[in-house]
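Take a look at the structure below.
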Amino acid sequence: MAGVKEECEKAGKQCGACGERETCPAGETFAPAHKLSQVRHLVAVMSGKGGVGKSSVSALLATTLSRQGCRVGILDADITGPSIPKLFGIKERVEGSEFGVYIPKSPKLGIYVMSANLFLEREDDPVIWRGPIISNVIRQFWTDVAWGKLDYLIVDLPPGTGDAPLTVMQSLPLDGVIIVSSPQDLAVMVVRKAIRMVAEMKVPILGLVENMTYVTCGKCGQKIFAFGEPQGEKVAAETGVPLLSTLPIDPELSRLGDEGRIEDYTPTGLEELASTLEDRFKSSSKTARLLFQQ
């Protein structure tokens with residue numbers, strides 16, 4: 001077991017022995033954005049495990065920023081399990097031109113969305129690709145898509161710490177990462193792995209969002225902690241990662257998401273988060289972040 005542990009610890013440093021060394025961007029500079037893209041802030045949303053509502057948080061953060069007057073896009077990096085188009089009710093296929101790839105917009109707020117599902121004949125067709133292909137597609141969503149002028153591009157990552165999050169952190173010039181968790185002990189355990197991964201990659205962690213923290217009783221208004229007591233503050237204290245928001249379980253959100261009308265939902269608790277992001281970016285520069293990465 002000691003040998004296995006040693007190999008795991010050195011896995012990220014064995015480039016010479018890696019079968020993907022010809023295509024892997026590790027150690028290289030960030031991939032260039034499309035010539036028609038002007039993105040002010042690039043923020044990734046990730047989780048240690050699935051089922052914590054990460055994509056819903058990504059979508060709600062985008063709608064909140066849009067309502068505050070920002071131009072927003074979502075890069076759906078969950079290639080094999082994309083859900084962003086479904087949440088926004090976007091069904092039109094993407095098209096290419098000499099200027100780049102045409103990006104569909106959400107019907108109400110005009111949020112730009114790029115997702116693997118927008119290339120498929122049917123939304124329930126599976127994407128059966130290996131890691132290198134997935135990584136290349138994610139990079140192309142950044143390099144080949146003409147995002148135009150955006151205040152925020154939200155990158156919705158798949159759960160875990162595998163190829164896709166690694167590709168995004170190595171290839172895209174992220175301003176920071178928001179990590180989504182829920183109160184269950186299992187989710188909290190795995191979110192610590194995500195926090196450590198981001199720290200290892202030397203990407204700024206903007207904060208933690210605890211989702212599905214409680215449900216409000218429709219009769220008495222009491223908060224019911226369906227998944228156990230909240231643990232966001234505890235994790236924040238242990239890791240030094242600020243707790244940005246705690247979000248409830250809301251059947252209305254589930255219904256609107258299923259109907260492709262997430263833009264009609266007004267979340268509570270994300271307005272302050274959106275303002276916090278803007279304040280954070282005003283007080284720091286991308287130059288400082290790049291120095292931190294060296």
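Residues in the structure tokens are named by chain (A, B, ... in the order shown) and by number from 1 within that chain; ligands are numbered from 1 in the order shown.
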
For Val215 (chain A): contacts at 10 Å, only C-alpha atoms, fewer than 4 positions along chain excluded, given as a PyMOL selection string: chain A and resi 221-227+247-251

Kindly export the residues of the current selection with N, CA and C atoms, as a PDB file, in the first residue's frame.
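Dumped everything to selection_32.pdb:
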```
ATOM      1  N   GLY A 221     -43.850  27.702   9.162  1.00  0.00           N
ATOM      2  CA  GLY A 221     -42.683  28.495   8.804  1.00  0.00           C
ATOM      3  C   GLY A 221     -41.395  28.041   9.458  1.00  0.00           C
ATOM      4  N   GLN A 222     -41.440  26.954  10.196  1.00  0.00           N
ATOM      5  CA  GLN A 222     -40.243  26.465  10.874  1.00  0.00           C
ATOM      6  C   GLN A 222     -39.277  25.835   9.869  1.00  0.00           C
ATOM      7  N   LYS A 223     -37.971  26.007  10.117  1.00  0.00           N
ATOM      8  CA  LYS A 223     -36.959  25.391   9.273  1.00  0.00           C
ATOM      9  C   LYS A 223     -36.760  23.934   9.685  1.00  0.00           C
ATOM     10  N   ILE A 224     -36.845  23.039   8.728  1.00  0.00           N
ATOM     11  CA  ILE A 224     -36.641  21.616   8.969  1.00  0.00           C
ATOM     12  C   ILE A 224     -35.339  21.206   8.285  1.00  0.00           C
ATOM     13  N   PHE A 225     -34.422  20.653   9.062  1.00  0.00           N
ATOM     14  CA  PHE A 225     -33.115  20.266   8.528  1.00  0.00           C
ATOM     15  C   PHE A 225     -33.178  18.808   8.065  1.00  0.00           C
ATOM     16  N   ALA A 226     -33.643  18.632   6.830  1.00  0.00           N
ATOM     17  CA  ALA A 226     -33.925  17.293   6.309  1.00  0.00           C
ATOM     18  C   ALA A 226     -32.674  16.436   6.183  1.00  0.00           C
ATOM     19  N   PHE A 227     -31.534  17.054   5.935  1.00  0.00           N
ATOM     20  CA  PHE A 227     -30.290  16.300   5.756  1.00  0.00           C
ATOM     21  C   PHE A 227     -29.342  16.458   6.943  1.00  0.00           C
ATOM     22  N   LEU A 247     -28.497  27.890   1.150  1.00  0.00           N
ATOM     23  CA  LEU A 247     -29.699  27.899   0.327  1.00  0.00           C
ATOM     24  C   LEU A 247     -30.654  26.795   0.763  1.00  0.00           C
ATOM     25  N   PRO A 248     -31.948  27.053   0.707  1.00  0.00           N
ATOM     26  CA  PRO A 248     -32.934  26.068   1.160  1.00  0.00           C
ATOM     27  C   PRO A 248     -33.323  25.073   0.072  1.00  0.00           C
ATOM     28  N   ILE A 249     -34.008  24.023   0.486  1.00  0.00           N
ATOM     29  CA  ILE A 249     -34.716  23.150  -0.453  1.00  0.00           C
ATOM     30  C   ILE A 249     -36.027  23.840  -0.804  1.00  0.00           C
ATOM     31  N   ASP A 250     -36.291  24.011  -2.087  1.00  0.00           N
ATOM     32  CA  ASP A 250     -37.514  24.701  -2.499  1.00  0.00           C
ATOM     33  C   ASP A 250     -38.183  23.920  -3.628  1.00  0.00           C
ATOM     34  N   PRO A 251     -39.344  23.332  -3.384  1.00  0.00           N
ATOM     35  CA  PRO A 251     -40.046  22.592  -4.442  1.00  0.00           C
ATOM     36  C   PRO A 251     -40.338  23.444  -5.675  1.00  0.00           C
TER      37      PRO A 251
END
```

Residue neighbourhood region 261-275 of chain A, 8 Å, only C-alpha atoms, exclusion window fewer than 2 positions, as a PyMOL selection string: chain A and resi 59-61+63-65+87-89+108-109+244-247+252-253+256-259+277-279

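Those residues that approach Ala31 (chain A) to within 9 Å, counting only C-alpha atoms, are A:Pro25, A:Glu28, A:Thr29, A:Ala33, A:Arg139, A:Trp142, A:Thr143, A:Gln170, A:Ser171, A:Leu172, A:Pro173; same-chain residues fewer than 2 positions away are not listed.
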
Sel. of helix (DSSP H, G or I) residues, region 124-217 of chain A, as a PyMOL selection string: chain A and resi 131-143+163-171+185-200

Store the residues picked out above, limited to N, CA and C atoms, as a tab-separated table (two decimals), in the first residue's frame.
```
chain	number	residue	atom	x	y	z
A	131	GLY	N	-11.55	10.56	-21.41
A	131	GLY	CA	-11.06	11.79	-20.82
A	131	GLY	C	-10.38	12.76	-21.77
A	132	PRO	N	-9.44	12.32	-22.63
A	132	PRO	CA	-8.76	13.27	-23.52
A	132	PRO	C	-9.71	14.01	-24.45
A	133	ILE	N	-10.74	13.32	-24.96
A	133	ILE	CA	-11.70	13.98	-25.84
A	133	ILE	C	-12.51	15.01	-25.05
A	134	ILE	N	-12.94	14.63	-23.85
A	134	ILE	CA	-13.70	15.56	-23.00
A	134	ILE	C	-12.87	16.80	-22.72
A	135	SER	N	-11.60	16.61	-22.39
A	135	SER	CA	-10.73	17.74	-22.10
A	135	SER	C	-10.59	18.66	-23.30
A	136	ASN	N	-10.44	18.08	-24.49
A	136	ASN	CA	-10.31	18.90	-25.70
A	136	ASN	C	-11.58	19.68	-25.99
A	137	VAL	N	-12.74	19.07	-25.78
A	137	VAL	CA	-14.00	19.76	-26.01
A	137	VAL	C	-14.15	20.95	-25.05
A	138	ILE	N	-13.79	20.74	-23.79
A	138	ILE	CA	-13.87	21.83	-22.82
A	138	ILE	C	-12.99	22.99	-23.25
A	139	ARG	N	-11.76	22.69	-23.68
A	139	ARG	CA	-10.88	23.76	-24.13
A	139	ARG	C	-11.46	24.47	-25.35
A	140	GLN	N	-12.09	23.70	-26.26
A	140	GLN	CA	-12.68	24.32	-27.45
A	140	GLN	C	-13.87	25.21	-27.10
A	141	PHE	N	-14.58	24.88	-26.06
A	141	PHE	CA	-15.67	25.76	-25.61
A	141	PHE	C	-15.12	27.13	-25.20
A	142	TRP	N	-13.85	27.19	-24.86
A	142	TRP	CA	-13.21	28.45	-24.48
A	142	TRP	C	-12.51	29.10	-25.68
A	143	THR	N	-11.78	28.30	-26.47
A	143	THR	CA	-10.97	28.87	-27.54
A	143	THR	C	-11.73	29.11	-28.84
A	163	ASP	N	-10.72	14.54	-14.61
A	163	ASP	CA	-10.14	15.17	-15.78
A	163	ASP	C	-10.71	16.55	-16.09
A	164	ALA	N	-12.04	16.67	-16.05
A	164	ALA	CA	-12.67	17.93	-16.46
A	164	ALA	C	-12.30	19.10	-15.54
A	165	PRO	N	-12.44	18.97	-14.21
A	165	PRO	CA	-12.00	20.08	-13.36
A	165	PRO	C	-10.52	20.38	-13.51
A	166	LEU	N	-9.71	19.33	-13.67
A	166	LEU	CA	-8.27	19.54	-13.85
A	166	LEU	C	-7.99	20.31	-15.13
A	167	THR	N	-8.68	19.96	-16.21
A	167	THR	CA	-8.51	20.66	-17.48
A	167	THR	C	-8.88	22.13	-17.35
A	168	VAL	N	-10.00	22.41	-16.71
A	168	VAL	CA	-10.45	23.80	-16.56
A	168	VAL	C	-9.44	24.60	-15.75
A	169	MET	N	-8.95	24.04	-14.66
A	169	MET	CA	-8.03	24.79	-13.80
A	169	MET	C	-6.67	24.98	-14.44
A	170	GLN	N	-6.26	24.06	-15.32
A	170	GLN	CA	-4.98	24.20	-16.00
A	170	GLN	C	-5.07	25.03	-17.26
A	171	SER	N	-6.22	25.02	-17.93
A	171	SER	CA	-6.31	25.61	-19.27
A	171	SER	C	-7.00	26.96	-19.31
A	185	ASP	N	-22.93	14.33	6.00
A	185	ASP	CA	-21.54	14.05	6.37
A	185	ASP	C	-20.73	13.62	5.16
A	186	LEU	N	-21.32	12.78	4.29
A	186	LEU	CA	-20.61	12.31	3.11
A	186	LEU	C	-20.24	13.47	2.20
A	187	ALA	N	-21.18	14.38	1.96
A	187	ALA	CA	-20.92	15.53	1.10
A	187	ALA	C	-19.85	16.42	1.69
A	188	VAL	N	-19.88	16.59	3.01
A	188	VAL	CA	-18.89	17.44	3.68
A	188	VAL	C	-17.51	16.83	3.58
A	189	MET	N	-17.42	15.50	3.74
A	189	MET	CA	-16.14	14.82	3.62
A	189	MET	C	-15.54	15.02	2.23
A	190	VAL	N	-16.38	14.87	1.21
A	190	VAL	CA	-15.88	14.96	-0.16
A	190	VAL	C	-15.58	16.40	-0.54
A	191	VAL	N	-16.29	17.36	0.02
A	191	VAL	CA	-16.03	18.76	-0.33
A	191	VAL	C	-14.65	19.19	0.15
A	192	ARG	N	-14.18	18.57	1.21
A	192	ARG	CA	-12.81	18.87	1.67
A	192	ARG	C	-11.79	18.45	0.61
A	193	LYS	N	-12.07	17.35	-0.09
A	193	LYS	CA	-11.20	16.93	-1.18
A	193	LYS	C	-11.17	18.00	-2.28
A	194	ALA	N	-12.35	18.53	-2.61
A	194	ALA	CA	-12.43	19.56	-3.65
A	194	ALA	C	-11.66	20.80	-3.23
A	195	ILE	N	-11.80	21.19	-1.97
A	195	ILE	CA	-11.08	22.37	-1.47
A	195	ILE	C	-9.58	22.15	-1.59
A	196	ARG	N	-9.12	20.96	-1.24
A	196	ARG	CA	-7.69	20.68	-1.30
A	196	ARG	C	-7.19	20.64	-2.73
A	197	MET	N	-8.02	20.14	-3.65
A	197	MET	CA	-7.62	20.12	-5.05
A	197	MET	C	-7.41	21.54	-5.57
A	198	VAL	N	-8.38	22.42	-5.30
A	198	VAL	CA	-8.27	23.80	-5.78
A	198	VAL	C	-7.04	24.47	-5.19
A	199	ALA	N	-6.78	24.21	-3.91
A	199	ALA	CA	-5.60	24.78	-3.27
A	199	ALA	C	-4.32	24.25	-3.93
A	200	GLU	N	-4.29	22.95	-4.24
A	200	GLU	CA	-3.13	22.35	-4.90
A	200	GLU	C	-2.89	22.99	-6.26
```

Best match for closeness to Arg130 (chain A) among A:Val177, A:Ile79, A:Leu206, A:Ala116, counting only C-alpha atoms: A:Ile79

Interatomic distance, CA of Met114 (chain A) to CA of Val209 (chain A) (Å, one decimal):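 That distance, rounded to one decimal, is 23.7 Å.
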